[in-house]
Amino acid sequence: MKFTAQQIATQLKGTVEGDPSAAVGELAKIEEAQPGSLTFLANHKYAPFIYKTKASVVIINKDFVLEQSVESTLIRVKDAYSAFTDLLDFYQKATQKRVGIAPSSFVDDSVQMGTDCYVGTQAVIEQQVVLGNGVQIYPQVFVGENVSIGDDCILYPGCQILAGTQIGKGCIIHSGTVIGSDGFGFAPQEDGSNRKIPQTGNVILEDGVEVGANSTIDRATLGSTILRKGVKLDNQIQIAHNVEVGAHTVIAAQSGIAGSTKIGKHCVIGGQVGIGGHLTIGDYVKMQGQSGVTSNIADQAKIQGTPAFDYTRYAKSYVHFRNLPKLIKKLDKND
Amino acid sequence: MKFTAQQIATQLKGTVEGDPSAAVGELAKIEEAQPGSLTFLANHKYAPFIYKTKASVVIINKDFVLEQSVESTLIRVKDAYSAFTDLLDFYQKATQKRVGIAPSSFVDDSVQMGTDCYVGTQAVIEQQVVLGNGVQIYPQVFVGENVSIGDDCILYPGCQILAGTQIGKGCIIHSGTVIGSDGFGFAPQEDGSNRKIPQTGNVILEDGVEVGANSTIDRATLGSTILRKGVKLDNQIQIAHNVEVGAHTVIAAQSGIAGSTKIGKHCVIGGQVGIGGHLTIGDYVKMQGQSGVTSNIADQAKIQGTPAFDYTRYAKSYVHFRNLPKLIKKLDKND
Amino acid sequence: MKFTAQQIATQLKGTVEGDPSAAVGELAKIEEAQPGSLTFLANHKYAPFIYKTKASVVIINKDFVLEQSVESTLIRVKDAYSAFTDLLDFYQKATQKRVGIAPSSFVDDSVQMGTDCYVGTQAVIEQQVVLGNGVQIYPQVFVGENVSIGDDCILYPGCQILAGTQIGKGCIIHSGTVIGSDGFGFAPQEDGSNRKIPQTGNVILEDGVEVGANSTIDRATLGSTILRKGVKLDNQIQIAHNVEVGAHTVIAAQSGIAGSTKIGKHCVIGGQVGIGGHLTIGDYVKMQGQSGVTSNIADQAKIQGTPAFDYTRYAKSYVHFRNLPKLIKKLDKND
């Protein structure tokens, strides 16, 4: 499929500078683009590439001032990055949206399904599941009993949504992710063995949640483990039973949150962070990668370390940690 | 399904205080309970809720002394927590136990199967597999050649049990977990490449082992990787080839154990702990979250840090680490 | 299947010492071997076992000098370890190689397949996939649209290879691994929510790459996430969008690399390491387990810590960290 600069400019409400009939069939980074491809310039760091890129068409900010002539046709818009993202979105939805029920899937008779759903090859949907409109369930997905899934959700191949999970609208669950596994709860017995505490709650994902690949979200012991609206989890994240993550909080890969902890909204949590159980983390908290959190954290705090404390203070202490051998030498001399 | 306070009290060998005909149909936490629900009070922290809970029935310790009147019907038992767990257990086994072979599963003709087994939709069970009685294999599980699985095991949707694995009685394997993947063994070659060392051993899980979701347990190079009886692993745990984990050891999420290490029995290992290869860890060892273990550890040690050492000493050193900027300032003044 | 010492010696071009008709049917470690098994002695640490092993046949170095008599039949070769690995390889390929298309797999009509391929039960192979010769796709694997897979690759049960991924020759992908999941990219919006940036690139694995179980490799936003030839990844590793890992680099379990970082060739990266985004790591770099890397790293560096710096200096600083309480006491006395 090819589009002209003029067609794209019309779609983006932008203006063409150069050849309006320049045609593109693929997307590329500005530094790697070949003839026939479309790219964009948003970050100033990449500005020098505008003069040497081979891209046929470049989306660029209205107010960007050229210092030399360029080969590419330009499309001027208010915000190049956002316009390019719009295009990607449009393109992806146009090309990837799937509809229909594959013959070798299993859909229980009791399942209620909205319009325009997709159920892929060898997906399994058990009793009493309710699917909204436009839900896309890729091959080999498992959806357990009594699960509900809102409009326009996408479940990628091989994820498992276990019994009782409730998923809002517009959520995306990536491959290999497990939602609704048992929480890790055991009662120590007198003989030194551990008795399993049945995990009878569920998991709730509000609207617009995205969960990366091979993550795990445990069901509550009683009640619900909850991800509020707009939460974004990266790959290989572990959310334990009865955790609640506040709206629009973003967590990077391989982080884990232990049982019953409440995370505020709009937090930004780095990769490989560990957060202990039964804690309360405020809103707008930032955690550096690999932090280990063992106490409650106030709103807007920025933390690092194991155990984690103020980020700036950690950085200062760490400078001194690096210089400890020098310090000791100096002290030994003074002795 | 509804039950009366009297029915539940009879089951638990407890005594009713209040209306024996009070009926409940669901379980809840004491602070969230609604009319029609059953809850319990075990932890003193929650005692104030007994006077305001909306639960119709509350299980409570025999010796708990009320300081005000309560609305709910009480069931008095010796140990409320343990009684409530009994009920959950009973309820879960009654409602969730599955039996029968789904038509679109694949079970090889050579498979030996006990009585009352369940094999779910699109599960695959290969040659020479032996299943005990009451084994429950959920949809999309893979069981490779020559695997044996003991009585009453539960394999949740989408876990993979690879060839040659031996699983004892009463084990639970959660979704997405892989047992029997190749160990990570390579012989460096003169040209800088790495030659794969074939991994021809297997994995053995003794009775009562539970493995959380998306964990991985590698087969031994030769011999067996072994989890002794009662070991409990949380989600996303990595057990490398030829590791042995002692009886009743409990490991929290996202921890990893490198090749050929032996862990003792009754250890408690926190989340995101890393344990190096070819080490020996004693019995009753406790490891704080995110510890990095690089040496052998004696029985009963409590450790933290990377590399990990005594937990109390780590805590003291860390206080001083936090205060390093102050110390340096003071020293500079004295200079 | 049993083999005599003479048959094995002929295969390995070695010489027999003892009974050439001694027969073996299984492989074992020298310290655990039983009659009827074959083992090897390569590491001097295990030399004492040669005098008491019950193995019927032992492969041993040509130049190993016996200090006592031995019961076992010996096969003398130049390099016992390498010869034993050859045997394992040969045995594994002979016994495990699978061929043929299982009736309950799904292979789209547009798929191009080489000779001697295997597609297991309930595997799904979508449109326009191209498979080389001898590719082995185990049960329940998912291969998305437009994927290409080179000769002699092995895809173990339940891995997911998502649309557009390109895999070279001789690669091995273990169970539960996801290749081609979306990168974690969001543009913060004025209302505090996060807008998904479509991820339209792909993943490229060059020849001889091995990826452990339950790992995740994200597709690039634009362009490709690339693992160069001979890269070996352990289990539960996370590779973010637009990362490039250099040839023959080896990464241990549970490590993660954030977006757009380039790792050099022949690096050795320990377990649970976290590497930040947009960094450049040189060639032949060694990283200790649990390091957190936040800056560019020069060729041949050996690093540790969070943030990571020179390994030897970290070790020295850490000794002083452990002794901080002593130091403070001493300083307090001097005050």
# chains A, B, ... in the order shown; residues from 1 in each chain; ligands from 1
$ calpha_fit_and_write --fixed "chain C" --moving "chain B" --output "short mmCIF file (atom, residue, chain, number, x, y, z; two decimals) with C-alpha atoms, in the first residue's frame"
data_model
loop_
_atom_site.label_atom_id
_atom_site.label_comp_id
_atom_site.auth_asym_id
_atom_site.auth_seq_id
_atom_site.Cartn_x
_atom_site.Cartn_y
_atom_site.Cartn_z
CA MET B 1 19.77 -49.09 23.45
CA LYS B 2 23.14 -50.39 24.65
CA PHE B 3 26.60 -49.66 23.28
CA THR B 4 29.94 -51.34 24.01
CA ALA B 5 33.10 -49.54 25.08
CA GLN B 6 34.61 -50.54 21.74
CA GLN B 7 31.75 -49.03 19.74
CA ILE B 8 32.01 -45.76 21.64
CA ALA B 9 35.81 -45.67 21.37
CA THR B 10 35.55 -46.12 17.62
CA GLN B 11 33.03 -43.28 17.37
CA LEU B 12 35.31 -41.01 19.45
CA LYS B 13 38.58 -42.19 17.84
CA GLY B 14 39.78 -43.19 21.31
CA THR B 15 41.49 -46.28 22.71
CA VAL B 16 40.02 -48.82 25.14
CA GLU B 17 41.74 -49.78 28.39
CA GLY B 18 39.99 -52.76 29.99
CA ASP B 19 37.03 -54.77 28.71
CA PRO B 20 36.08 -53.62 25.18
CA SER B 21 32.75 -55.48 25.46
CA ALA B 22 31.62 -53.56 28.60
CA ALA B 23 28.12 -52.32 27.72
CA VAL B 24 26.38 -49.08 28.76
CA GLY B 25 22.82 -47.83 28.33
CA GLU B 26 22.76 -44.53 30.21
CA LEU B 27 24.79 -41.44 31.09
CA ALA B 28 25.68 -40.40 34.62
CA LYS B 29 27.89 -38.17 36.75
CA ILE B 30 31.05 -39.96 37.91
CA GLU B 31 30.08 -39.68 41.60
CA GLU B 32 26.58 -41.07 41.04
CA ALA B 33 27.17 -43.61 38.25
CA GLN B 34 25.81 -47.15 38.55
CA PRO B 35 26.86 -50.32 36.66
CA GLY B 36 25.69 -50.09 33.05
CA SER B 37 26.34 -46.37 32.83
CA LEU B 38 28.87 -44.25 30.95
CA THR B 39 30.58 -41.26 32.50
CA PHE B 40 33.66 -39.05 32.02
CA LEU B 41 36.46 -37.47 34.03
CA ALA B 42 37.63 -34.02 32.95
CA ASN B 43 37.85 -31.83 36.06
CA HIS B 44 40.78 -32.65 38.42
CA LYS B 45 38.50 -32.00 41.40
CA TYR B 46 36.69 -35.24 40.54
CA ALA B 47 39.83 -37.36 40.01
CA PRO B 48 39.42 -39.35 43.27
CA PHE B 49 36.10 -40.72 41.99
CA ILE B 50 37.82 -42.60 39.17
CA TYR B 51 38.98 -45.18 41.76
CA LYS B 52 35.55 -45.78 43.27
CA THR B 53 32.98 -45.03 40.53
CA LYS B 54 30.58 -47.86 39.65
CA ALA B 55 30.34 -46.71 36.03
CA SER B 56 31.01 -49.50 33.55
CA VAL B 57 32.83 -47.16 31.17
CA VAL B 58 34.67 -43.87 31.79
CA ILE B 59 35.92 -41.46 29.12
CA ILE B 60 39.21 -39.99 30.29
CA ASN B 61 42.04 -37.77 29.00
CA LYS B 62 44.87 -39.54 27.15
CA ASP B 63 47.45 -38.06 29.53
CA PHE B 64 45.68 -38.80 32.81
CA VAL B 65 48.02 -40.89 35.00
CA LEU B 66 46.32 -43.51 37.18
CA GLU B 67 47.69 -43.81 40.72
CA GLN B 68 45.76 -47.00 41.52
CA SER B 69 43.97 -49.68 39.55
CA VAL B 70 40.38 -49.01 38.46
CA GLU B 71 37.33 -51.24 38.03
CA SER B 72 35.80 -49.40 35.07
CA THR B 73 36.76 -49.80 31.44
CA LEU B 74 38.45 -46.60 30.26
CA ILE B 75 38.25 -44.89 26.90
CA ARG B 76 41.26 -42.62 26.40
CA VAL B 77 40.74 -39.52 24.23
CA LYS B 78 42.49 -36.20 23.75
CA ASP B 79 39.82 -34.12 25.53
CA ALA B 80 37.38 -36.12 27.66
CA TYR B 81 34.95 -33.26 28.24
CA SER B 82 34.65 -32.39 24.60
CA ALA B 83 34.36 -36.08 23.63
CA PHE B 84 31.58 -36.63 26.14
CA THR B 85 29.77 -33.54 24.80
CA ASP B 86 30.10 -34.95 21.29
CA LEU B 87 28.45 -38.15 22.47
CA LEU B 88 25.62 -36.31 24.22
CA ASP B 89 25.03 -34.26 21.11
CA PHE B 90 24.97 -37.30 18.92
CA TYR B 91 22.67 -39.17 21.29
CA GLN B 92 20.27 -36.26 21.70
CA LYS B 93 19.99 -35.57 18.00
CA ALA B 94 19.45 -39.28 17.29
CA THR B 95 16.72 -39.70 19.89
CA GLN B 96 14.94 -36.35 19.84
CA LYS B 97 14.75 -35.25 16.23
CA ARG B 98 11.09 -35.07 15.21
CA VAL B 99 9.65 -34.95 11.68
CA GLY B 100 6.12 -34.58 10.27
CA ILE B 101 3.06 -32.38 10.61
CA ALA B 102 0.66 -33.25 13.46
CA PRO B 103 -2.98 -33.48 12.32
CA SER B 104 -4.28 -31.03 14.92
CA SER B 105 -1.76 -28.31 14.17
CA PHE B 106 -2.81 -25.29 12.11
CA VAL B 107 -0.58 -24.42 9.16
CA ASP B 108 -1.86 -21.69 6.86
CA ASP B 109 -1.95 -22.57 3.13
CA SER B 110 0.47 -19.76 2.34
CA VAL B 111 3.24 -21.18 4.55
CA GLN B 112 6.44 -22.21 2.74
CA MET B 113 8.13 -25.14 4.42
CA GLY B 114 11.51 -26.80 3.76
CA THR B 115 12.17 -30.53 3.94
CA ASP B 116 12.07 -32.67 7.10
CA CYS B 117 10.21 -30.14 9.21
CA TYR B 118 8.18 -31.01 12.32
CA VAL B 119 5.04 -29.17 13.36
CA GLY B 120 3.62 -30.47 16.65
CA THR B 121 0.10 -30.88 17.95
CA GLN B 122 -1.83 -27.61 18.19
CA ALA B 123 1.00 -25.48 16.92
CA VAL B 124 -0.29 -22.49 14.93
CA ILE B 125 1.56 -21.15 11.90
CA GLU B 126 0.00 -18.10 10.27
CA GLN B 127 0.11 -16.52 6.81
CA GLN B 128 3.27 -16.06 4.74
CA VAL B 129 5.56 -17.81 7.21
CA VAL B 130 8.72 -19.27 5.68
CA LEU B 131 10.38 -22.28 7.35
CA GLY B 132 13.80 -23.64 6.34
CA ASN B 133 14.78 -27.32 6.28
CA GLY B 134 14.67 -29.45 9.40
CA VAL B 135 12.84 -26.86 11.48
CA GLN B 136 11.26 -28.41 14.59
CA ILE B 137 8.18 -26.66 15.95
CA TYR B 138 6.91 -28.36 19.09
CA PRO B 139 3.28 -28.51 20.25
CA GLN B 140 1.39 -25.31 21.09
CA VAL B 141 3.97 -23.00 19.54
CA PHE B 142 2.62 -19.85 17.88
CA VAL B 143 4.29 -18.47 14.75
CA GLY B 144 2.72 -15.21 13.51
CA GLU B 145 2.38 -13.73 10.04
CA ASN B 146 5.44 -13.06 7.93
CA VAL B 147 7.85 -14.78 10.29
CA SER B 148 10.86 -16.48 8.72
CA ILE B 149 12.77 -19.27 10.47
CA GLY B 150 16.09 -20.67 9.21
CA ASP B 151 17.25 -24.27 8.80
CA ASP B 152 17.44 -26.57 11.81
CA CYS B 153 15.86 -24.22 14.34
CA ILE B 154 14.07 -25.75 17.35
CA LEU B 155 11.04 -24.03 18.90
CA TYR B 156 10.07 -25.70 22.17
CA PRO B 157 6.45 -26.13 23.36
CA GLY B 158 4.47 -23.01 23.97
CA CYS B 159 6.84 -20.30 22.76
CA GLN B 160 5.33 -17.42 20.77
CA ILE B 161 7.05 -15.93 17.74
CA LEU B 162 5.02 -12.87 16.80
CA ALA B 163 4.48 -11.32 13.39
CA GLY B 164 7.45 -10.24 11.33
CA THR B 165 10.20 -11.87 13.39
CA GLN B 166 13.22 -13.12 11.42
CA ILE B 167 15.17 -16.05 12.86
CA GLY B 168 18.45 -17.31 11.39
CA LYS B 169 19.75 -20.88 11.13
CA GLY B 170 20.33 -23.21 14.04
CA CYS B 171 18.53 -21.10 16.64
CA ILE B 172 16.81 -22.60 19.71
CA ILE B 173 13.86 -20.90 21.41
CA HIS B 174 12.73 -22.38 24.71
CA SER B 175 9.23 -22.80 26.11
CA GLY B 176 7.17 -19.82 27.14
CA THR B 177 9.43 -17.29 25.45
CA VAL B 178 7.82 -14.40 23.59
CA ILE B 179 9.60 -12.83 20.64
CA GLY B 180 8.14 -9.72 19.05
CA SER B 181 5.93 -8.34 21.82
CA ASP B 182 5.31 -4.60 21.74
CA GLY B 183 8.02 -2.32 23.06
CA PHE B 184 7.07 -0.26 26.12
CA GLY B 185 6.61 3.17 24.63
CA PHE B 186 4.17 5.83 25.76
CA ALA B 187 3.88 9.57 25.21
CA PRO B 188 2.77 11.41 28.39
CA GLN B 189 -0.34 13.48 27.74
CA GLU B 190 -1.36 16.78 29.33
CA ASP B 191 -4.08 15.11 31.42
CA GLY B 192 -1.52 12.79 33.03
CA SER B 193 -2.49 9.76 30.99
CA ASN B 194 -0.08 7.98 28.63
CA ARG B 195 -0.66 7.44 24.95
CA LYS B 196 0.65 4.22 23.43
CA ILE B 197 3.23 4.67 20.69
CA PRO B 198 2.56 1.95 18.10
CA GLN B 199 5.40 -0.52 17.83
CA THR B 200 5.77 -1.34 14.16
CA GLY B 201 9.30 -2.74 13.87
CA ASN B 202 10.36 -6.37 14.32
CA VAL B 203 12.93 -8.67 15.94
CA ILE B 204 15.89 -10.24 14.13
CA LEU B 205 17.83 -13.22 15.53
CA GLU B 206 20.95 -14.09 13.57
CA ASP B 207 22.33 -17.64 13.24
CA GLY B 208 23.04 -19.80 16.28
CA VAL B 209 21.12 -17.72 18.82
CA GLU B 210 19.60 -19.52 21.83
CA VAL B 211 16.91 -17.93 24.02
CA GLY B 212 15.99 -19.53 27.36
CA ALA B 213 12.51 -20.18 28.75
CA ASN B 214 10.01 -17.40 29.57
CA SER B 215 12.21 -14.66 28.14
CA THR B 216 10.78 -11.68 26.27
CA ILE B 217 12.22 -9.80 23.30
CA ASP B 218 10.28 -6.74 22.21
CA ARG B 219 9.92 -5.60 18.60
CA ALA B 220 11.43 -2.25 17.68
CA THR B 221 9.29 0.86 17.52
CA LEU B 222 10.71 1.35 14.02
CA GLY B 223 13.43 -0.83 12.56
CA SER B 224 14.62 -3.94 14.37
CA THR B 225 15.64 -5.29 17.75
CA ILE B 226 18.67 -7.44 16.91
CA LEU B 227 20.50 -10.37 18.51
CA ARG B 228 23.68 -11.00 16.54
CA LYS B 229 25.03 -14.46 15.74
CA GLY B 230 25.75 -16.84 18.57
CA VAL B 231 24.09 -14.78 21.31
CA LYS B 232 23.00 -17.01 24.22
CA LEU B 233 20.27 -15.83 26.57
CA ASP B 234 19.28 -17.71 29.72
CA ASN B 235 15.73 -17.90 31.14
CA GLN B 236 13.51 -14.92 32.01
CA ILE B 237 15.57 -12.32 30.21
CA GLN B 238 14.00 -9.08 29.02
CA ILE B 239 15.26 -7.36 25.87
CA ALA B 240 13.48 -4.07 25.17
CA HIS B 241 12.70 -2.43 21.84
CA ASN B 242 15.52 -1.40 19.50
CA VAL B 243 18.21 -3.11 21.61
CA GLU B 244 21.13 -4.69 19.79
CA VAL B 245 23.20 -7.47 21.39
CA GLY B 246 26.61 -8.19 19.81
CA ALA B 247 27.81 -11.55 18.52
CA HIS B 248 28.53 -14.34 21.03
CA THR B 249 27.47 -12.32 24.05
CA VAL B 250 26.13 -14.50 26.88
CA ILE B 251 23.55 -13.24 29.39
CA ALA B 252 22.52 -15.10 32.58
CA ALA B 253 18.99 -15.45 33.91
CA GLN B 254 16.61 -12.62 34.85
CA SER B 255 18.70 -9.80 33.38
CA GLY B 256 17.02 -6.96 31.53
CA ILE B 257 18.16 -4.45 28.92
CA ALA B 258 16.20 -1.23 28.43
CA GLY B 259 15.32 0.36 25.10
CA SER B 260 17.79 1.30 22.33
CA THR B 261 20.90 0.12 24.21
CA LYS B 262 23.72 -1.48 22.20
CA ILE B 263 25.70 -4.29 23.80
CA GLY B 264 29.05 -5.27 22.28
CA LYS B 265 30.24 -8.72 21.27
CA HIS B 266 31.68 -11.45 23.50
CA CYS B 267 30.29 -9.85 26.66
CA VAL B 268 29.49 -11.99 29.72
CA ILE B 269 26.59 -10.57 31.70
CA GLY B 270 25.62 -12.09 35.06
CA GLY B 271 22.15 -12.82 36.39
CA GLN B 272 19.61 -10.15 37.44
CA VAL B 273 21.64 -7.38 35.82
CA GLY B 274 19.72 -4.28 34.74
CA ILE B 275 21.06 -2.11 31.91
CA GLY B 276 19.51 1.31 31.32
CA GLY B 277 18.24 2.64 28.01
CA HIS B 278 20.14 4.40 25.19
CA LEU B 279 23.55 3.18 26.40
CA THR B 280 26.54 1.77 24.55
CA ILE B 281 28.32 -1.19 26.12
CA GLY B 282 31.70 -2.20 24.63
CA ASP B 283 33.03 -5.61 23.59
CA TYR B 284 34.30 -8.24 26.02
CA VAL B 285 32.63 -6.48 28.96
CA LYS B 286 31.94 -8.55 32.09
CA MET B 287 29.13 -7.62 34.49
CA GLN B 288 28.66 -9.16 37.92
CA GLY B 289 25.21 -10.38 38.90
CA GLN B 290 22.66 -7.74 40.01
CA SER B 291 24.69 -4.86 38.60
CA GLY B 292 22.71 -1.79 37.57
CA VAL B 293 24.28 -0.08 34.57
CA THR B 294 23.49 3.59 34.02
CA SER B 295 26.32 4.82 31.79
CA ASN B 296 28.27 3.78 28.71
CA ILE B 297 30.88 1.09 29.40
CA ALA B 298 34.26 0.73 27.68
CA ASP B 299 35.58 -2.46 26.01
CA GLN B 300 36.87 -5.13 28.38
CA ALA B 301 35.56 -3.41 31.52
CA LYS B 302 34.58 -5.57 34.48
CA ILE B 303 31.88 -3.90 36.52
CA GLN B 304 29.63 -4.30 39.55
CA GLY B 305 27.22 -2.28 41.71
CA THR B 306 24.21 -0.01 41.25
CA PRO B 307 25.25 2.21 39.59
CA ALA B 308 27.96 -0.14 38.31
CA PHE B 309 31.67 0.72 38.25
CA ASP B 310 34.98 -1.16 38.21
CA TYR B 311 34.58 -4.60 39.77
CA THR B 312 37.81 -4.55 41.83
CA ARG B 313 37.07 -1.10 43.15
CA TYR B 314 33.52 -2.15 44.04
CA ALA B 315 34.89 -5.11 45.99
CA LYS B 316 37.25 -2.84 47.92
CA SER B 317 34.56 -0.26 48.68
CA TYR B 318 32.25 -3.05 49.80
CA VAL B 319 34.82 -4.36 52.31
CA HIS B 320 34.88 -0.89 53.83
CA PHE B 321 31.08 -0.72 53.72
CA ARG B 322 30.96 -3.89 55.80
CA ASN B 323 33.42 -2.33 58.27
CA LEU B 324 31.69 1.05 58.52
CA PRO B 325 30.40 0.41 62.07
CA LYS B 326 33.98 -0.33 63.22
CA LEU B 327 35.31 2.76 61.49
CA ILE B 328 32.67 4.99 63.04
CA LYS B 329 33.39 3.56 66.49
CA LYS B 330 37.09 4.28 66.04
CA LEU B 331 36.45 7.82 64.83
CA ASP B 332 34.10 8.48 67.74
CA LYS B 333 36.83 7.36 70.13
CA ASN B 334 39.35 9.71 68.52
CA ASP B 335 37.00 12.66 68.78
#
$ select_by_dssp --residues "range 65-303 of chain C" --states "strand (DSSP E or B)" --output "PyMOL selection string"
chain C and resi 73-77+100-101+106-107+112-113+118-119+124-125+130-131+136-137+142-143+148-149+154-155+160-161+166-167+172-173+178-181+186-188+194-196+202-205+210-211+216-218+224-227+232-233+238-239+244-245+250-251+256-257+262-263+268-269+274-275+280-281+286-287+292-293+297+302-303
$ select_by_dssp --residues "range 45-112 of chain B" --states "helix (DSSP H, G or I)" --output "number ranges by chain"
B: 45-51, 80-96
$ write_last_selection --atoms "N, CA, C and O atoms" --output "compact mmCIF listing (two decimals), in the first residue's frame"
# COMPACT_ATOMS: atom_id res chain seq x y z
N LYS B 45 -5.29 -6.51 65.13
CA LYS B 45 -5.32 -5.22 64.43
C LYS B 45 -6.73 -4.93 63.90
O LYS B 45 -7.13 -3.77 63.75
N TYR B 46 -7.45 -6.00 63.53
CA TYR B 46 -8.76 -5.82 62.91
C TYR B 46 -9.91 -5.86 63.91
O TYR B 46 -11.07 -5.77 63.53
N ALA B 47 -9.59 -6.02 65.20
CA ALA B 47 -10.64 -6.18 66.22
C ALA B 47 -11.71 -5.09 66.19
O ALA B 47 -12.91 -5.39 66.33
N PRO B 48 -11.34 -3.82 65.98
CA PRO B 48 -12.39 -2.78 65.98
C PRO B 48 -13.49 -3.02 64.93
O PRO B 48 -14.62 -2.56 65.11
N PHE B 49 -13.15 -3.73 63.85
CA PHE B 49 -14.14 -3.94 62.79
C PHE B 49 -15.28 -4.86 63.22
O PHE B 49 -16.34 -4.85 62.62
N ILE B 50 -15.04 -5.65 64.26
CA ILE B 50 -16.09 -6.60 64.68
C ILE B 50 -17.35 -5.85 65.10
O ILE B 50 -18.46 -6.37 64.96
N TYR B 51 -17.18 -4.60 65.56
CA TYR B 51 -18.34 -3.83 66.05
C TYR B 51 -19.06 -3.08 64.93
O TYR B 51 -20.15 -2.56 65.12
N ALA B 80 -9.72 -19.12 64.78
CA ALA B 80 -10.59 -18.59 63.72
C ALA B 80 -9.92 -18.61 62.35
O ALA B 80 -10.55 -18.90 61.33
N TYR B 81 -8.63 -18.30 62.32
CA TYR B 81 -7.91 -18.23 61.05
C TYR B 81 -7.85 -19.59 60.39
O TYR B 81 -8.15 -19.76 59.21
N SER B 82 -7.49 -20.57 61.21
CA SER B 82 -7.37 -21.93 60.69
C SER B 82 -8.75 -22.48 60.30
O SER B 82 -8.89 -23.17 59.28
N ALA B 83 -9.77 -22.14 61.06
CA ALA B 83 -11.13 -22.60 60.73
C ALA B 83 -11.61 -21.99 59.41
O ALA B 83 -12.22 -22.67 58.57
N PHE B 84 -11.31 -20.72 59.23
CA PHE B 84 -11.72 -20.04 57.99
C PHE B 84 -10.98 -20.67 56.80
O PHE B 84 -11.56 -20.90 55.74
N THR B 85 -9.69 -20.96 56.99
CA THR B 85 -8.91 -21.62 55.93
C THR B 85 -9.49 -22.99 55.60
O THR B 85 -9.60 -23.36 54.42
N ASP B 86 -9.91 -23.73 56.63
CA ASP B 86 -10.56 -25.01 56.39
C ASP B 86 -11.77 -24.84 55.47
O ASP B 86 -11.99 -25.61 54.54
N LEU B 87 -12.57 -23.83 55.80
CA LEU B 87 -13.79 -23.57 55.02
C LEU B 87 -13.46 -23.24 53.56
O LEU B 87 -14.08 -23.75 52.63
N LEU B 88 -12.48 -22.36 53.38
CA LEU B 88 -12.07 -21.96 52.04
C LEU B 88 -11.63 -23.19 51.23
O LEU B 88 -12.02 -23.37 50.08
N ASP B 89 -10.81 -23.99 51.88
CA ASP B 89 -10.32 -25.23 51.29
C ASP B 89 -11.47 -26.10 50.82
O ASP B 89 -11.49 -26.58 49.68
N PHE B 90 -12.38 -26.31 51.74
CA PHE B 90 -13.52 -27.17 51.50
C PHE B 90 -14.35 -26.63 50.33
O PHE B 90 -14.72 -27.35 49.40
N TYR B 91 -14.58 -25.31 50.37
CA TYR B 91 -15.39 -24.65 49.35
C TYR B 91 -14.72 -24.74 47.98
O TYR B 91 -15.34 -25.08 46.98
N GLN B 92 -13.39 -24.47 47.98
CA GLN B 92 -12.68 -24.47 46.71
C GLN B 92 -12.62 -25.86 46.09
O GLN B 92 -12.81 -26.02 44.89
N LYS B 93 -12.38 -26.85 46.93
CA LYS B 93 -12.31 -28.21 46.39
C LYS B 93 -13.68 -28.65 45.86
O LYS B 93 -13.78 -29.31 44.83
N ALA B 94 -14.74 -28.25 46.59
CA ALA B 94 -16.10 -28.62 46.17
C ALA B 94 -16.47 -27.97 44.83
O ALA B 94 -17.09 -28.59 43.97
N THR B 95 -16.07 -26.70 44.66
CA THR B 95 -16.55 -25.99 43.48
C THR B 95 -15.61 -26.12 42.29
O THR B 95 -16.04 -25.98 41.15
N GLN B 96 -14.32 -26.39 42.53
CA GLN B 96 -13.38 -26.29 41.42
C GLN B 96 -12.90 -27.63 40.87
O GLN B 96 -12.32 -27.67 39.78
